[in-house]
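Heads up, target_36.cif below (mmCIF, C-alpha atoms):
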```cif
data_work
#
loop_
_atom_site.label_atom_id
_atom_site.label_comp_id
_atom_site.auth_asym_id
_atom_site.auth_seq_id
_atom_site.Cartn_x
_atom_site.Cartn_y
_atom_site.Cartn_z
CA MET R 1 -11.16 -6.19 5.97
CA MET R 2 -9.54 -9.50 5.86
CA ASN R 3 -11.58 -12.49 6.39
CA THR R 4 -10.35 -13.97 9.56
CA THR R 5 -11.98 -17.32 9.53
CA GLU R 6 -9.12 -19.07 7.94
CA SER R 7 -6.26 -20.77 9.59
CA LEU R 8 -4.57 -17.58 10.42
CA LYS R 9 -2.50 -18.43 13.31
CA ASP R 10 1.05 -18.06 12.57
CA ASP R 11 2.37 -21.50 12.77
CA ASP R 12 5.42 -19.80 14.08
CA SER R 13 7.62 -22.11 12.15
CA GLY R 14 8.36 -18.96 10.31
CA ASP R 15 9.21 -21.06 7.35
CA HIS R 16 6.68 -19.94 4.83
CA ASP R 17 8.45 -20.36 1.59
CA GLN R 18 8.75 -22.70 -1.23
CA ASN R 19 6.23 -25.27 -0.19
CA GLU R 20 3.42 -22.95 0.69
CA GLU R 21 1.92 -22.85 -2.73
CA ASN R 22 -0.80 -25.26 -1.76
CA SER R 23 -2.05 -23.50 1.26
CA THR R 24 -5.68 -22.71 1.02
CA GLN R 25 -6.41 -19.36 -0.42
CA LYS R 26 -9.73 -17.94 0.32
CA ASP R 27 -10.47 -14.81 -1.56
CA GLY R 28 -10.21 -13.94 -5.18
CA GLU R 29 -7.54 -11.38 -4.59
CA LYS R 30 -5.28 -13.96 -3.12
CA GLU R 31 -5.78 -16.27 -6.01
CA LYS R 32 -5.01 -13.52 -8.36
CA MET R 33 -1.77 -12.83 -6.61
CA GLU R 34 -0.97 -16.47 -6.56
CA ARG R 35 -1.27 -16.73 -10.27
CA ASP R 36 1.90 -14.83 -10.58
CA LYS R 37 4.34 -17.53 -9.81
CA SER R 38 7.34 -15.34 -9.56
CA GLN R 39 5.81 -13.40 -6.73
CA SER R 40 3.82 -16.02 -5.03
CA SER R 41 6.11 -17.59 -2.57
CA ASN R 42 5.86 -15.11 0.23
CA LYS R 43 2.15 -14.69 -0.12
CA ARG R 44 0.49 -17.64 1.33
CA LYS R 45 -1.76 -16.97 4.21
CA ALA R 46 -4.04 -14.34 5.45
CA VAL R 47 -2.26 -11.55 7.24
CA VAL R 48 -4.18 -10.41 10.30
CA PRO R 49 -3.53 -8.01 13.15
CA GLY R 50 -1.78 -9.51 16.13
CA PRO R 51 -3.39 -9.50 19.55
CA ALA R 52 -3.72 -5.99 20.94
CA GLU R 53 -2.55 -4.46 17.69
CA HIS R 54 -4.47 -1.71 15.92
CA PRO R 55 -6.17 -3.03 12.80
CA LEU R 56 -6.09 -1.07 9.59
CA GLN R 57 -9.10 -0.60 7.36
CA TYR R 58 -7.29 -2.57 4.65
CA ASN R 59 -4.28 -4.79 4.41
CA TYR R 60 -1.46 -3.30 2.41
CA THR R 61 1.56 -4.68 0.61
CA PHE R 62 4.93 -2.99 0.25
CA TRP R 63 6.66 -3.43 -3.10
CA TYR R 64 10.02 -2.33 -4.36
CA SER R 65 11.22 -1.88 -7.90
CA ARG R 66 14.40 -0.78 -9.49
CA ARG R 67 15.06 -0.24 -13.13
CA THR R 68 17.49 -2.59 -14.70
CA PRO R 69 19.85 -0.56 -16.81
CA GLY R 70 20.46 -1.72 -20.34
CA ARG R 71 17.49 -4.01 -20.59
CA PRO R 72 14.62 -3.27 -22.86
CA THR R 73 11.80 -1.81 -20.89
CA SER R 74 8.55 -3.59 -21.26
CA SER R 75 5.54 -4.26 -19.22
CA GLN R 76 6.80 -7.71 -18.59
CA SER R 77 10.18 -6.71 -17.34
CA TYR R 78 8.48 -4.16 -15.15
CA GLU R 79 6.54 -6.94 -13.57
CA GLN R 80 9.67 -8.98 -13.17
CA ASN R 81 11.55 -6.12 -11.59
CA ILE R 82 8.99 -5.42 -8.96
CA LYS R 83 9.36 -7.33 -5.73
CA GLN R 84 6.98 -7.78 -2.89
CA ILE R 85 8.44 -6.82 0.44
CA GLY R 86 5.51 -7.91 2.54
CA THR R 87 1.94 -7.44 3.66
CA PHE R 88 0.62 -6.04 6.91
CA ALA R 89 -2.75 -5.72 8.57
CA SER R 90 -2.15 -3.49 11.58
CA VAL R 91 -0.45 -0.25 12.48
CA GLU R 92 2.20 -2.12 14.42
CA GLN R 93 2.91 -4.50 11.56
CA PHE R 94 3.28 -1.53 9.28
CA TRP R 95 5.95 -0.04 11.53
CA ARG R 96 7.76 -3.35 11.68
CA PHE R 97 8.25 -3.18 7.93
CA TYR R 98 8.79 0.52 7.68
CA SER R 99 11.35 0.65 10.44
CA HIS R 100 13.43 -1.99 8.72
CA MET R 101 13.41 -0.45 5.30
CA VAL R 102 15.56 2.46 4.16
CA ARG R 103 13.80 5.73 3.66
CA PRO R 104 13.17 6.69 0.06
CA GLY R 105 15.62 9.57 0.26
CA ASP R 106 18.37 7.03 0.92
CA LEU R 107 17.55 4.78 -2.01
CA THR R 108 20.04 4.82 -4.81
CA GLY R 109 19.45 4.80 -8.52
CA HIS R 110 16.20 4.66 -10.34
CA SER R 111 13.96 2.97 -7.81
CA ASP R 112 10.51 3.04 -6.31
CA PHE R 113 8.60 2.02 -3.25
CA HIS R 114 4.97 1.12 -3.79
CA LEU R 115 2.41 0.65 -1.07
CA PHE R 116 -0.83 -0.82 -2.38
CA LYS R 117 -3.86 -2.44 -0.92
CA GLU R 118 -3.34 -6.15 -0.73
CA GLY R 119 -4.49 -7.75 -3.95
CA ILE R 120 -3.87 -4.71 -6.14
CA LYS R 121 -0.70 -4.81 -8.15
CA PRO R 122 1.08 -1.53 -8.63
CA MET R 123 0.49 -1.72 -12.35
CA TRP R 124 -1.74 0.20 -14.71
CA GLU R 125 -3.15 -3.05 -16.03
CA ASP R 126 -4.53 -4.30 -12.73
CA ASP R 127 -8.31 -4.40 -12.69
CA ALA R 128 -8.45 -1.94 -9.83
CA ASN R 129 -6.24 0.50 -11.69
CA LYS R 130 -7.23 0.22 -15.30
CA ASN R 131 -9.85 2.97 -15.15
CA GLY R 132 -7.90 4.97 -12.65
CA GLY R 133 -5.32 7.64 -12.44
CA LYS R 134 -2.95 9.31 -10.03
CA TRP R 135 -2.02 12.58 -8.48
CA ILE R 136 1.64 13.28 -9.08
CA ILE R 137 3.78 15.59 -7.02
CA ARG R 138 7.33 16.31 -8.07
CA LEU R 139 9.67 17.07 -5.25
CA ARG R 140 13.08 18.58 -5.17
CA LYS R 141 15.70 16.33 -3.68
CA GLY R 142 15.61 16.10 0.07
CA LEU R 143 11.87 16.08 0.59
CA ALA R 144 10.91 12.59 -0.47
CA SER R 145 11.33 10.80 2.84
CA ARG R 146 9.18 13.15 4.82
CA CYS R 147 6.50 13.51 2.17
CA TRP R 148 6.32 9.78 1.58
CA GLU R 149 5.87 9.13 5.26
CA ASN R 150 3.11 11.70 5.53
CA LEU R 151 1.45 10.34 2.44
CA ILE R 152 1.36 6.72 3.51
CA LEU R 153 0.33 7.54 7.06
CA ALA R 154 -2.61 9.47 5.65
CA MET R 155 -3.50 6.56 3.40
CA LEU R 156 -3.23 3.91 6.13
CA GLY R 157 -5.21 6.07 8.51
CA GLU R 158 -8.01 6.55 5.96
CA GLN R 159 -7.61 10.28 5.88
CA PHE R 160 -8.69 10.63 2.27
CA MET R 161 -12.37 9.88 2.88
CA VAL R 162 -13.06 8.63 -0.60
CA GLY R 163 -14.52 5.25 0.22
CA GLU R 164 -12.86 2.43 -1.66
CA GLU R 165 -11.25 4.70 -4.20
CA ILE R 166 -7.63 4.69 -3.09
CA CYS R 167 -5.49 1.95 -4.63
CA GLY R 168 -2.04 2.78 -3.38
CA ALA R 169 0.88 5.17 -3.31
CA VAL R 170 4.28 5.31 -4.97
CA VAL R 171 7.50 7.15 -4.34
CA SER R 172 9.89 7.27 -7.26
CA VAL R 173 13.51 8.22 -6.77
CA ARG R 174 14.99 9.77 -9.88
CA PHE R 175 18.14 11.64 -10.71
CA GLN R 176 17.05 15.23 -10.54
CA GLU R 177 13.93 14.96 -8.47
CA ASP R 178 11.70 12.57 -6.64
CA ILE R 179 8.05 11.95 -7.35
CA ILE R 180 5.28 10.83 -5.06
CA SER R 181 1.91 9.77 -6.33
CA ILE R 182 -1.32 8.35 -5.09
CA TRP R 183 -3.46 6.14 -7.29
CA ASN R 184 -7.22 5.89 -7.30
CA LYS R 185 -9.71 3.65 -9.06
CA THR R 186 -11.86 6.00 -11.06
CA ALA R 187 -10.10 8.73 -12.94
CA SER R 188 -13.38 10.19 -14.17
CA ASP R 189 -14.74 10.74 -10.67
CA GLN R 190 -13.97 14.38 -10.17
CA ALA R 191 -15.41 14.65 -6.70
CA THR R 192 -13.02 11.93 -5.62
CA THR R 193 -9.96 13.30 -7.35
CA ALA R 194 -10.63 16.76 -5.95
CA ARG R 195 -10.99 15.39 -2.47
CA ILE R 196 -7.76 13.46 -2.79
CA ARG R 197 -5.99 16.59 -3.97
CA ASP R 198 -7.28 18.62 -1.05
CA THR R 199 -6.28 15.93 1.41
CA LEU R 200 -2.81 15.79 -0.10
CA ARG R 201 -2.45 19.53 0.38
CA ARG R 202 -3.53 19.18 3.95
CA VAL R 203 -1.38 16.24 5.00
CA LEU R 204 1.80 16.72 3.02
CA ASN R 205 2.86 20.11 4.21
CA LEU R 206 4.13 20.92 0.78
CA PRO R 207 6.18 23.94 -0.05
CA PRO R 208 3.99 26.62 -1.61
CA ASN R 209 4.16 26.58 -5.41
CA THR R 210 4.41 22.80 -5.47
CA ILE R 211 2.73 21.62 -8.63
CA MET R 212 0.20 18.83 -8.47
CA GLU R 213 -0.81 17.06 -11.62
CA TYR R 214 -3.50 14.44 -12.21
CA LYS R 215 -2.78 11.85 -14.84
CA THR R 216 -5.05 9.04 -15.96
CA HIS R 217 -3.42 5.66 -16.41
CA THR R 218 -4.85 5.56 -19.92
CA ASP R 219 -2.77 8.62 -20.71
CA SER R 220 0.24 7.09 -19.00
CA ILE R 221 -0.08 3.97 -21.11
CA LYS R 222 -0.46 6.02 -24.27
CA ALA R 223 2.55 8.14 -23.46
CA TRP R 224 4.55 5.06 -22.64
CA GLU R 225 3.63 3.42 -25.92
CA GLU R 226 4.43 6.50 -27.91
CA PHE R 227 7.74 6.86 -26.18
CA HIS R 228 8.60 3.28 -27.00
CA GLY R 229 7.35 3.52 -30.56
CA LEU R 230 4.61 1.04 -30.00
CA VAL R 231 1.75 3.23 -30.95
CA ASN R 232 0.72 1.06 -33.87
CA SER R 233 1.47 -2.33 -32.55
CA SER R 234 -1.03 -4.32 -30.65
CA GLY R 235 0.07 -5.41 -27.28
CA ARG R 236 3.70 -5.11 -26.38
CA MET H 1 -34.59 13.66 -7.48
CA SER H 2 -37.98 12.12 -8.07
CA GLU H 3 -38.24 14.02 -11.33
CA GLY H 4 -35.13 12.41 -12.74
CA GLY H 5 -35.75 9.94 -15.54
CA SER H 6 -34.29 7.03 -13.73
CA CYS H 7 -36.46 7.56 -10.75
CA SER H 8 -39.72 8.08 -12.57
CA GLN H 9 -40.83 4.53 -12.02
CA THR H 10 -40.97 4.95 -8.29
CA PRO H 11 -44.53 5.61 -7.21
CA SER H 12 -44.73 8.62 -4.99
CA ARG H 13 -45.64 8.05 -1.42
CA ALA H 14 -46.33 10.22 1.51
CA ILE H 15 -43.48 10.94 3.81
CA PRO H 16 -43.96 8.54 6.69
CA ALA H 17 -44.89 10.03 9.98
CA THR H 18 -42.09 10.36 12.46
CA ARG H 19 -41.47 7.17 14.28
CA ARG H 20 -40.29 7.25 17.80
CA VAL H 21 -37.72 4.69 18.84
CA VAL H 22 -37.19 4.29 22.50
CA LEU H 23 -33.80 3.02 23.60
CA GLY H 24 -33.69 1.54 27.02
CA ASP H 25 -30.67 1.76 29.20
CA GLY H 26 -27.87 -0.44 28.04
CA VAL H 27 -29.03 -0.63 24.46
CA GLN H 28 -26.03 -0.74 22.19
CA LEU H 29 -25.80 2.14 19.79
CA PRO H 30 -24.79 1.47 16.21
CA PRO H 31 -21.11 1.79 15.37
CA GLY H 32 -21.75 5.11 13.66
CA ASP H 33 -21.92 6.63 17.07
CA TYR H 34 -18.45 5.73 18.14
CA SER H 35 -16.14 8.64 18.50
CA SER H 36 -12.79 9.02 20.08
CA THR H 37 -11.56 6.07 22.03
CA PRO H 38 -8.68 6.01 24.47
CA GLY H 39 -5.41 6.22 22.64
CA GLY H 40 -6.78 8.38 19.88
CA THR H 41 -8.33 5.81 17.62
CA LEU H 42 -11.29 7.15 15.77
CA PHE H 43 -14.08 5.13 14.33
CA SER H 44 -16.38 7.26 12.33
CA THR H 45 -18.92 7.15 9.61
CA THR H 46 -17.67 8.31 6.27
CA PRO H 47 -19.00 8.17 2.72
CA GLY H 48 -17.68 4.64 2.45
CA GLY H 49 -19.37 3.44 5.61
CA THR H 50 -17.77 2.92 8.96
CA ARG H 51 -14.03 3.01 8.62
CA ILE H 52 -11.01 2.73 10.80
CA ILE H 53 -9.41 6.11 10.89
CA TYR H 54 -6.14 7.07 12.54
CA ASP H 55 -4.49 10.43 12.56
CA ARG H 56 -0.81 10.92 12.03
CA LYS H 57 -0.08 11.61 15.65
CA PHE H 58 -1.63 8.36 16.80
CA LEU H 59 0.16 6.35 14.13
CA MET H 60 3.47 7.90 15.14
CA GLU H 61 2.87 6.92 18.74
CA CYS H 62 2.37 3.30 17.70
CA ARG H 63 5.83 3.37 16.25
CA ASN H 64 7.21 3.06 19.73
CA SER H 65 5.47 -0.20 20.39
CA PRO H 66 8.02 -2.88 21.30
CA VAL H 67 6.79 -5.19 18.56
CA THR H 68 8.03 -2.80 15.89
CA LYS H 69 11.61 -3.21 17.00
CA THR H 70 12.00 -6.57 15.35
CA PRO H 71 11.70 -6.96 11.59
CA PRO H 72 8.92 -9.09 10.14
CA LYS H 73 10.05 -12.66 9.99
CA ASP H 74 9.58 -12.85 6.27
CA LEU H 75 11.21 -9.57 5.41
CA PRO H 76 13.21 -10.24 2.26
CA THR H 77 16.82 -9.24 2.12
CA ILE H 78 17.28 -6.55 -0.46
CA PRO H 79 20.66 -4.86 -0.09
CA GLY H 80 20.29 -1.13 0.14
CA VAL H 81 16.58 -1.45 0.80
CA THR H 82 15.94 -3.75 3.71
CA SER H 83 19.57 -4.19 4.63
CA PRO H 84 22.64 -2.00 4.56
CA VAL H 85 24.50 -2.01 1.26
CA SER H 86 28.01 -2.14 2.54
CA ASP H 87 27.53 -3.71 5.88
CA GLU H 88 28.17 -7.27 4.84
CA PRO H 89 28.44 -9.00 1.53
CA PRO H 90 24.93 -9.66 0.28
CA THR H 91 25.35 -13.36 0.33
CA GLU H 92 23.79 -16.07 2.31
CA THR H 93 24.52 -14.97 5.82
CA SER H 94 23.47 -11.40 5.39
CA GLN H 95 21.24 -11.23 8.38
CA ILE H 96 20.65 -7.61 8.02
CA HIS H 97 18.60 -6.91 11.02
CA LEU H 98 19.34 -6.51 14.60
CA HIS H 99 19.84 -9.95 15.97
CA ASN H 100 17.38 -9.73 18.73
CA SER H 101 14.68 -11.82 17.21
CA PRO H 102 14.41 -15.56 17.13
CA GLU H 103 13.06 -15.33 13.61
CA ASP H 104 16.30 -14.04 12.29
CA LYS H 105 17.48 -17.42 11.31
CA GLN H 106 15.00 -17.49 8.50
CA ALA H 107 16.27 -14.53 6.64
CA GLY H 108 18.93 -16.38 4.76
CA GLY H 109 16.49 -18.77 3.21
CA GLU H 110 14.37 -16.07 1.70
CA GLU H 111 17.10 -14.42 -0.11
CA SER H 112 17.16 -16.03 -3.46
CA GLN H 113 13.75 -14.87 -4.52
CA PHE H 114 14.63 -11.32 -3.96
CA GLU H 115 17.90 -11.01 -5.67
CA MET H 116 17.77 -7.90 -7.69
CA ASP H 117 19.51 -7.27 -10.94
CA ILE H 118 21.63 -4.27 -10.36
#
```
In structure tokens, what does this structure look like?
Amino acid sequence: MMNTTESLKDDDSGDHDQNEENSTQKDGEKEKMERDKSQSSNKRKAVVPGPAEHPLQYNYTFWYSRRTPGRPTSSQSYEQNIKQIGTFASVEQFWRFYSHMVRPGDLTGHSDFHLFKEGIKPMWEDDANKNGGKWIIRLRKGLASRCWENLILAMLGEQFMVGEEICGAVVSVRFQEDIISIWNKTASDQATTARIRDTLRRVLNLPPNTIMEYKTHTDSIKAWEEFHGLVNSSGR
Amino acid sequence: MSEGGSCSQTPSRAIPATRRVVLGDGVQLPPGDYSSTPGGTLFSTTPGGTRIIYDRKFLMECRNSPVTKTPPKDLPTIPGVTSPVSDEPPTETSQIHLHNSPEDKQAGGEESQFEMDI
């Protein structure tokens, strides 16, 4: 849970941007996020549940990304294309964001929503993800909004029962189909991945014959590099 | 377990005799003993320790809380994502949200960081 000792009170000026870079950051995660200048400006103080709100086990951050057509894809441009929408600490704060965002089924083009624990970037390279993997579920058009909602509610409500293992969830809107996935820390932990799979089956209400696939991020990186012809080059 | 290599250093000891702990009235039980609380919140003990667990039904009920009706004050303006695409031109005054919150005036200032390439 968030450390609440800091100056948390919303100074209700509401004006958090630009000049907030100096505000005291307390935990390592924050600092890590702050290092990324391009993303840092809306990330300056601890987010905590409001009075009488229902706290979540973890704080989470919504992200949005959209592929830029015609630009070379690279890890860097991925990072540049992904935008933080905001961080919340309570059930009510979650709904404030969610209710003012379009549902994934109404997104256009090649875009994604990501919902990750605060401090974990939705990237393979993040420390929390680098040994991890994800369950992937491909959905025919029309199901993404409902499945995404069920997925993130299960995640926020700690329905997966795998300790600290969950990192976040993604919904990817593509041309022919949509994809939802949930990422965990340790791809090699079969008890965890099996439990996540079973929870997904339980909470998603999937059509029978829906295929679920587990993919390690190492494999994703390899496939990505092969696809981009980078298999022999170091770095990208 | 005790035969496993990694545990072989542990000297074996007799199982301690049962100890009786008497709890007087009003003694607080550890959090592991919480169960359902009014409103449906569940605190329970899981492999990761005590965790805050909510079921879908309870989370959906929270959606009706009045506080959720106003957008977060720092919600960035992303046309087609946090604001309607066609509603207004996505320039400075695009105050997407319902104008029932005093924070709305901030939205314009946040915009530049979230401009998306198409």
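Here CA of Phe97 in chain R is placed at a distance of 20.9 Å from CA of Leu143 in chain R.
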The PyMOL selection byres ((chain R) within 8 of (chain H)) - which residues does that actually catch in the file I just gave you? List them as a ChimeraX atom specification. /R:14-17,42,55-57,68-69,81,83,85-86,91-93,95-97,99-102,107-108,150,153-154,156-159,161-164
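Among the candidate residues R:Gln84, R:Trp124, R:Trp63, R:Gly119, the one lying nearest to Lys222 in chain R is R:Trp124, with distances computed using only C-alpha atoms.
Taking CA of Phe113 in chain R and CA of Ala223 in chain R as endpoints, the distance between them is 22.0 Å.
Distance-wise, CA of Glu125 in chain R and CA of Ala169 in chain R end up 15.7 Å apart.
Closest approach to Tyr64 in chain R from the set R:Gly50, R:Pro104, R:Gly133, R:Pro207 is made by R:Pro104, with distances taken over all atoms listed in the file.
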